[in-house]
$ cat upload-v1.pdb   # PDB, C-alpha atoms, pLDDT in the B column
ATOM      1  CA  MET A   1       0.000   0.000   0.000  1.00 86.00           C
ATOM      2  CA  VAL A   2       2.878   2.372   0.763  1.00 88.00           C
ATOM      3  CA  ASN A   3       4.440   1.695  -2.649  1.00 88.00           C
ATOM      4  CA  GLU A   4       1.106   2.347  -4.376  1.00 85.00           C
ATOM      5  CA  PHE A   5       0.802   5.636  -2.503  1.00 81.00           C
ATOM      6  CA  LYS A   6       4.340   6.648  -3.554  1.00 79.00           C
ATOM      7  CA  THR A   7       3.497   5.816  -7.156  1.00 79.00           C
ATOM      8  CA  PHE A   8       0.304   7.861  -6.939  1.00 75.00           C
ATOM      9  CA  VAL A   9       2.002  10.877  -5.373  1.00 71.00           C
ATOM     10  CA  MET A  10       4.913  10.860  -7.786  1.00 73.00           C
ATOM     11  CA  ARG A  11       2.693  10.951 -10.867  1.00 72.00           C
ATOM     12  CA  GLY A  12       3.093  14.101 -12.884  1.00 68.00           C
ATOM     13  CA  ASN A  13      -0.592  15.045 -12.527  1.00 77.00           C
ATOM     14  CA  VAL A  14      -0.521  15.033  -8.714  1.00 75.00           C
ATOM     15  CA  ILE A  15       2.659  17.093  -8.559  1.00 76.00           C
ATOM     16  CA  ASP A  16       1.312  19.553 -11.151  1.00 80.00           C
ATOM     17  CA  MET A  17      -1.903  19.886  -9.140  1.00 82.00           C
ATOM     18  CA  ALA A  18       0.045  20.523  -5.916  1.00 83.00           C
ATOM     19  CA  VAL A  19       2.147  23.224  -7.582  1.00 83.00           C
ATOM     20  CA  GLY A  20      -1.028  24.785  -9.017  1.00 84.00           C
ATOM     21  CA  ILE A  21      -2.712  24.879  -5.606  1.00 88.00           C
ATOM     22  CA  ILE A  22       0.324  26.482  -3.963  1.00 89.00           C
ATOM     23  CA  ILE A  23       0.688  29.112  -6.690  1.00 85.00           C
ATOM     24  CA  GLY A  24      -3.082  29.683  -6.640  1.00 83.00           C
ATOM     25  CA  GLY A  25      -2.970  30.359  -2.908  1.00 86.00           C
ATOM     26  CA  ALA A  26      -0.166  32.867  -3.317  1.00 85.00           C
ATOM     27  CA  PHE A  27      -1.930  34.479  -6.281  1.00 82.00           C
ATOM     28  CA  THR A  28      -5.144  34.778  -4.251  1.00 82.00           C
ATOM     29  CA  LYS A  29      -3.265  36.612  -1.481  1.00 84.00           C
ATOM     30  CA  ILE A  30      -1.878  39.045  -4.056  1.00 84.00           C
ATOM     31  CA  VAL A  31      -5.330  39.646  -5.544  1.00 80.00           C
ATOM     32  CA  ASN A  32      -6.921  40.098  -2.103  1.00 78.00           C
ATOM     33  CA  SER A  33      -4.271  42.666  -1.232  1.00 83.00           C
ATOM     34  CA  MET A  34      -4.780  44.428  -4.558  1.00 80.00           C
ATOM     35  CA  VAL A  35      -8.530  44.646  -3.937  1.00 78.00           C
ATOM     36  CA  ALA A  36      -8.392  45.657  -0.275  1.00 76.00           C
ATOM     37  CA  ASP A  37      -5.342  47.923  -0.401  1.00 82.00           C
ATOM     38  CA  ILE A  38      -5.273  49.362  -3.927  1.00 83.00           C
ATOM     39  CA  MET A  39      -8.712  49.219  -5.580  1.00 80.00           C
ATOM     40  CA  MET A  40     -11.165  49.752  -2.739  1.00 76.00           C
ATOM     41  CA  PRO A  41      -9.669  52.921  -1.158  1.00 80.00           C
ATOM     42  CA  PRO A  42      -9.957  55.007  -4.371  1.00 84.00           C
ATOM     43  CA  LEU A  43     -13.401  53.522  -5.039  1.00 78.00           C
ATOM     44  CA  GLY A  44     -14.392  54.481  -1.511  1.00 76.00           C
ATOM     45  CA  LEU A  45     -13.157  58.032  -2.102  1.00 83.00           C
ATOM     46  CA  LEU A  46     -15.177  58.270  -5.319  1.00 83.00           C
ATOM     47  CA  LEU A  47     -18.278  57.144  -3.430  1.00 76.00           C
ATOM     48  CA  GLY A  48     -17.843  59.708  -0.669  1.00 78.00           C
ATOM     49  CA  LYS A  49     -14.981  58.533   1.534  1.00 73.00           C
ATOM     50  CA  VAL A  50     -16.531  55.137   2.247  1.00 70.00           C
ATOM     51  CA  ASP A  51     -14.284  52.452   3.757  1.00 70.00           C
ATOM     52  CA  PHE A  52     -15.666  49.196   2.385  1.00 75.00           C
ATOM     53  CA  SER A  53     -13.914  47.096   5.016  1.00 77.00           C
ATOM     54  CA  ASN A  54     -16.048  48.892   7.617  1.00 81.00           C
ATOM     55  CA  TRP A  55     -19.372  48.431   5.847  1.00 86.00           C
ATOM     56  CA  PHE A  56     -21.360  46.349   8.271  1.00 90.00           C
ATOM     57  CA  ILE A  57     -24.861  46.029   9.657  1.00 91.00           C
ATOM     58  CA  VAL A  58     -25.357  45.399  13.355  1.00 91.00           C
ATOM     59  CA  LEU A  59     -27.790  42.521  13.818  1.00 91.00           C
ATOM     60  CA  LYS A  60     -27.503  42.398  17.612  1.00 90.00           C
ATOM     61  CA  GLN A  61     -25.874  44.898  19.948  1.00 90.00           C
ATOM     62  CA  GLY A  62     -22.893  43.775  21.979  1.00 86.00           C
ATOM     63  CA  SER A  63     -22.037  44.416  25.615  1.00 87.00           C
ATOM     64  CA  GLN A  64     -21.518  48.087  24.752  1.00 85.00           C
ATOM     65  CA  GLU A  65     -24.286  49.819  22.842  1.00 84.00           C
ATOM     66  CA  GLY A  66     -23.481  51.148  19.342  1.00 78.00           C
ATOM     67  CA  PRO A  67     -23.045  52.973  17.070  1.00 88.00           C
ATOM     68  CA  TYR A  68     -19.654  51.428  16.473  1.00 89.00           C
ATOM     69  CA  ALA A  69     -16.913  53.353  14.697  1.00 86.00           C
ATOM     70  CA  SER A  70     -15.529  50.322  12.905  1.00 87.00           C
ATOM     71  CA  LEU A  71     -16.098  46.638  12.335  1.00 88.00           C
ATOM     72  CA  SER A  72     -13.291  45.768  14.739  1.00 88.00           C
ATOM     73  CA  ALA A  73     -14.902  47.940  17.436  1.00 90.00           C
ATOM     74  CA  ALA A  74     -18.245  46.195  16.923  1.00 90.00           C
ATOM     75  CA  GLN A  75     -16.632  42.772  17.087  1.00 89.00           C
ATOM     76  CA  ALA A  76     -14.654  43.767  20.199  1.00 90.00           C
ATOM     77  CA  ALA A  77     -17.935  44.795  21.860  1.00 91.00           C
ATOM     78  CA  GLY A  78     -19.374  41.373  21.005  1.00 91.00           C
ATOM     79  CA  ALA A  79     -21.925  42.669  18.504  1.00 91.00           C
ATOM     80  CA  THR A  80     -23.320  40.332  15.866  1.00 91.00           C
ATOM     81  CA  THR A  81     -22.644  41.940  12.488  1.00 92.00           C
ATOM     82  CA  LEU A  82     -23.391  41.356   8.842  1.00 92.00           C
ATOM     83  CA  ASN A  83     -20.067  42.223   7.154  1.00 91.00           C
ATOM     84  CA  VAL A  84     -21.187  43.633   3.808  1.00 90.00           C
ATOM     85  CA  GLY A  85     -17.876  45.334   2.978  1.00 87.00           C
ATOM     86  CA  THR A  86     -15.789  42.243   3.654  1.00 86.00           C
ATOM     87  CA  PHE A  87     -18.130  40.245   1.424  1.00 90.00           C
ATOM     88  CA  LEU A  88     -17.896  42.904  -1.301  1.00 85.00           C
ATOM     89  CA  ASN A  89     -14.083  42.709  -1.155  1.00 79.00           C
ATOM     90  CA  ALA A  90     -14.305  38.909  -1.467  1.00 82.00           C
ATOM     91  CA  VAL A  91     -16.650  39.155  -4.470  1.00 85.00           C
ATOM     92  CA  ILE A  92     -14.353  41.610  -6.258  1.00 81.00           C
ATOM     93  CA  SER A  93     -11.354  39.365  -5.479  1.00 77.00           C
ATOM     94  CA  PHE A  94     -13.209  36.372  -6.886  1.00 82.00           C
ATOM     95  CA  ILE A  95     -14.107  38.242 -10.071  1.00 84.00           C
ATOM     96  CA  ILE A  96     -10.480  39.277 -10.587  1.00 81.00           C
ATOM     97  CA  VAL A  97      -9.180  35.738  -9.957  1.00 78.00           C
ATOM     98  CA  ALA A  98     -11.866  34.252 -12.231  1.00 82.00           C
ATOM     99  CA  PHE A  99     -10.999  36.740 -14.991  1.00 84.00           C
ATOM    100  CA  CYS A 100      -7.289  35.954 -14.696  1.00 78.00           C
ATOM    101  CA  ILE A 101      -8.027  32.220 -14.886  1.00 79.00           C
ATOM    102  CA  PHE A 102     -10.250  32.859 -17.919  1.00 85.00           C
ATOM    103  CA  LEU A 103      -7.405  34.712 -19.646  1.00 85.00           C
ATOM    104  CA  LEU A 104      -4.947  31.951 -18.737  1.00 80.00           C
ATOM    105  CA  ILE A 105      -7.231  29.209 -20.096  1.00 82.00           C
ATOM    106  CA  LYS A 106      -7.843  31.269 -23.236  1.00 89.00           C
ATOM    107  CA  VAL A 107      -4.087  31.534 -23.871  1.00 87.00           C
ATOM    108  CA  ILE A 108      -3.566  27.815 -23.172  1.00 81.00           C
ATOM    109  CA  ASN A 109      -6.387  26.891 -25.562  1.00 85.00           C
ATOM    110  CA  LYS A 110      -4.919  29.159 -28.233  1.00 88.00           C
ATOM    111  CA  VAL A 111      -1.476  27.588 -27.845  1.00 84.00           C
ATOM    112  CA  ASN A 112      -2.861  24.035 -27.848  1.00 81.00           C
ATOM    113  CA  ALA A 113      -5.332  24.588 -30.683  1.00 81.00           C
ATOM    114  CA  PRO A 114      -4.634  22.412 -33.704  1.00 81.00           C
ATOM    115  CA  LYS A 115      -3.199  24.322 -36.609  1.00 78.00           C
ATOM    116  CA  LYS A 116      -5.767  24.896 -39.308  1.00 76.00           C
ATOM    117  CA  GLU A 117      -4.624  23.610 -42.632  1.00 76.00           C
ATOM    118  CA  ALA A 118      -5.104  25.802 -45.649  1.00 75.00           C
ATOM    119  CA  ALA A 119      -8.071  24.824 -47.748  1.00 77.00           C
ATOM    120  CA  PRO A 120      -7.029  22.893 -50.811  1.00 80.00           C
ATOM    121  CA  ALA A 121      -6.783  24.996 -53.925  1.00 83.00           C
ATOM    122  CA  THR A 122      -9.633  24.685 -56.375  1.00 86.00           C
ATOM    123  CA  PRO A 123      -8.629  22.308 -59.135  1.00 86.00           C
ATOM    124  CA  THR A 124      -7.827  23.763 -62.530  1.00 87.00           C
ATOM    125  CA  THR A 125      -7.554  20.435 -64.309  1.00 90.00           C
ATOM    126  CA  LYS A 126      -9.468  17.193 -64.616  1.00 91.00           C
ATOM    127  CA  LYS A 127      -8.664  13.715 -65.919  1.00 91.00           C
ATOM    128  CA  CYS A 128      -9.744  12.595 -69.319  1.00 91.00           C
ATOM    129  CA  PRO A 129     -12.043   9.588 -68.772  1.00 90.00           C
ATOM    130  CA  PHE A 130     -10.586   7.883 -71.838  1.00 89.00           C
ATOM    131  CA  CYS A 131      -6.794   8.281 -71.575  1.00 90.00           C
ATOM    132  CA  CYS A 132      -6.478   9.501 -67.938  1.00 90.00           C
ATOM    133  CA  SER A 133      -4.391  12.539 -68.988  1.00 91.00           C
ATOM    134  CA  GLU A 134      -4.702  15.856 -67.171  1.00 92.00           C
ATOM    135  CA  ILE A 135      -6.722  18.386 -69.151  1.00 90.00           C
ATOM    136  CA  ALA A 136      -8.113  21.867 -68.462  1.00 91.00           C
ATOM    137  CA  LEU A 137     -11.493  22.022 -66.729  1.00 88.00           C
ATOM    138  CA  GLU A 138     -12.989  24.016 -69.590  1.00 89.00           C
ATOM    139  CA  ALA A 139     -11.780  21.565 -72.249  1.00 88.00           C
ATOM    140  CA  THR A 140     -14.466  19.822 -74.304  1.00 88.00           C
ATOM    141  CA  ARG A 141     -11.963  17.652 -76.178  1.00 89.00           C
ATOM    142  CA  CYS A 142      -8.851  15.896 -74.844  1.00 90.00           C
ATOM    143  CA  PRO A 143      -5.686  17.230 -76.511  1.00 90.00           C
ATOM    144  CA  HIS A 144      -3.956  13.848 -76.059  1.00 88.00           C
ATOM    145  CA  CYS A 145      -6.495  11.356 -77.360  1.00 89.00           C
ATOM    146  CA  THR A 146      -8.906  13.832 -79.061  1.00 89.00           C
ATOM    147  CA  SER A 147     -11.888  12.252 -77.302  1.00 88.00           C
ATOM    148  CA  GLU A 148     -14.927  14.433 -76.838  1.00 88.00           C
ATOM    149  CA  ILE A 149     -15.502  15.240 -73.127  1.00 84.00           C
ATOM    150  CA  LYS A 150     -19.057  15.973 -71.994  1.00 77.00           C
TER     151      LYS A 150
END

$ encode --input "upload-v1.pdb" --output "structure tokens"
Amino acid sequence: MVNEFKTFVMRGNVIDMAVGIIIGGAFTKIVNSMVADIMMPPLGLLLGKVDFSNWFIVLKQGSQEGPYASLSAAQAAGATTLNVGTFLNAVISFIIVAFCIFLLIKVINKVNAPKKEAAPATPTTKKCPFCCSEIALEATRCPHCTSEIK
């Protein structure tokens, strides 16, 4: 059983999948940082100085009554919150990751696509049914055997 497991793990597909998962995790961290730290602050400024990470709805007050200045303050007070901004950041991150994967798959498909062969040229000659010589398509008589072609 141990040898079978070694054989399974050392297959190229399993190793490729492991590398893909590790790179995907690192890529996701980069995208999450790009969304939270680079994209959302300017978007928040355009929408009136809104900090999306602090968009939340208090479902139940905590030990200290609100309003809470930030999501971390609400969570520290023990309030039950609906974290709309965090979810919005996650949705935007997902869309960016999905778009990048779409572009990657599109490039891979383009590289792996079979080469289209040029369409064969339209024939300009035909065979004489009597002597099997090549003659022009428009010919009504074979120049080799003088047979009449219909």

$ closest_residue --input "upload-v1.pdb" --among "A:Ala26, A:Ala74, A:Met17, A:Val31" --to "Ile95 of chain A" --atoms "all atoms listed in the file"
A:Val31

$ atom_distance --input "upload-v1.pdb" --atom1 "atom CA of Lys29 of chain A" --atom2 "atom CA of Gly85 of chain A"
17.6 Å

$ residues_around --input "upload-v1.pdb" --residues "segment 32-39 of chain A" --least-positions-apart "5" --cutoff "10 Å" --atoms "only C-alpha atoms" --output "ChimeraX atom specification"
/A:26-27,44,51-53,86,88-94,96-97

$ closest_residue --input "upload-v1.pdb" --among "A:Cys145, A:Met10, A:Val19, A:Val58" --to "Lys127 of chain A" --atoms "only C-alpha atoms"
A:Cys145

$ atom_distance --input "upload-v1.pdb" --atom1 "atom CA of Val84 of chain A" --atom2 "atom CA of Ile22 of chain A"
28.6 Å

$ closest_residue --input "upload-v1.pdb" --among "A:Ile30, A:Ala77, A:Asn83, A:Pro123" --to "Ala136 of chain A" --atoms "only C-alpha atoms"
A:Pro123
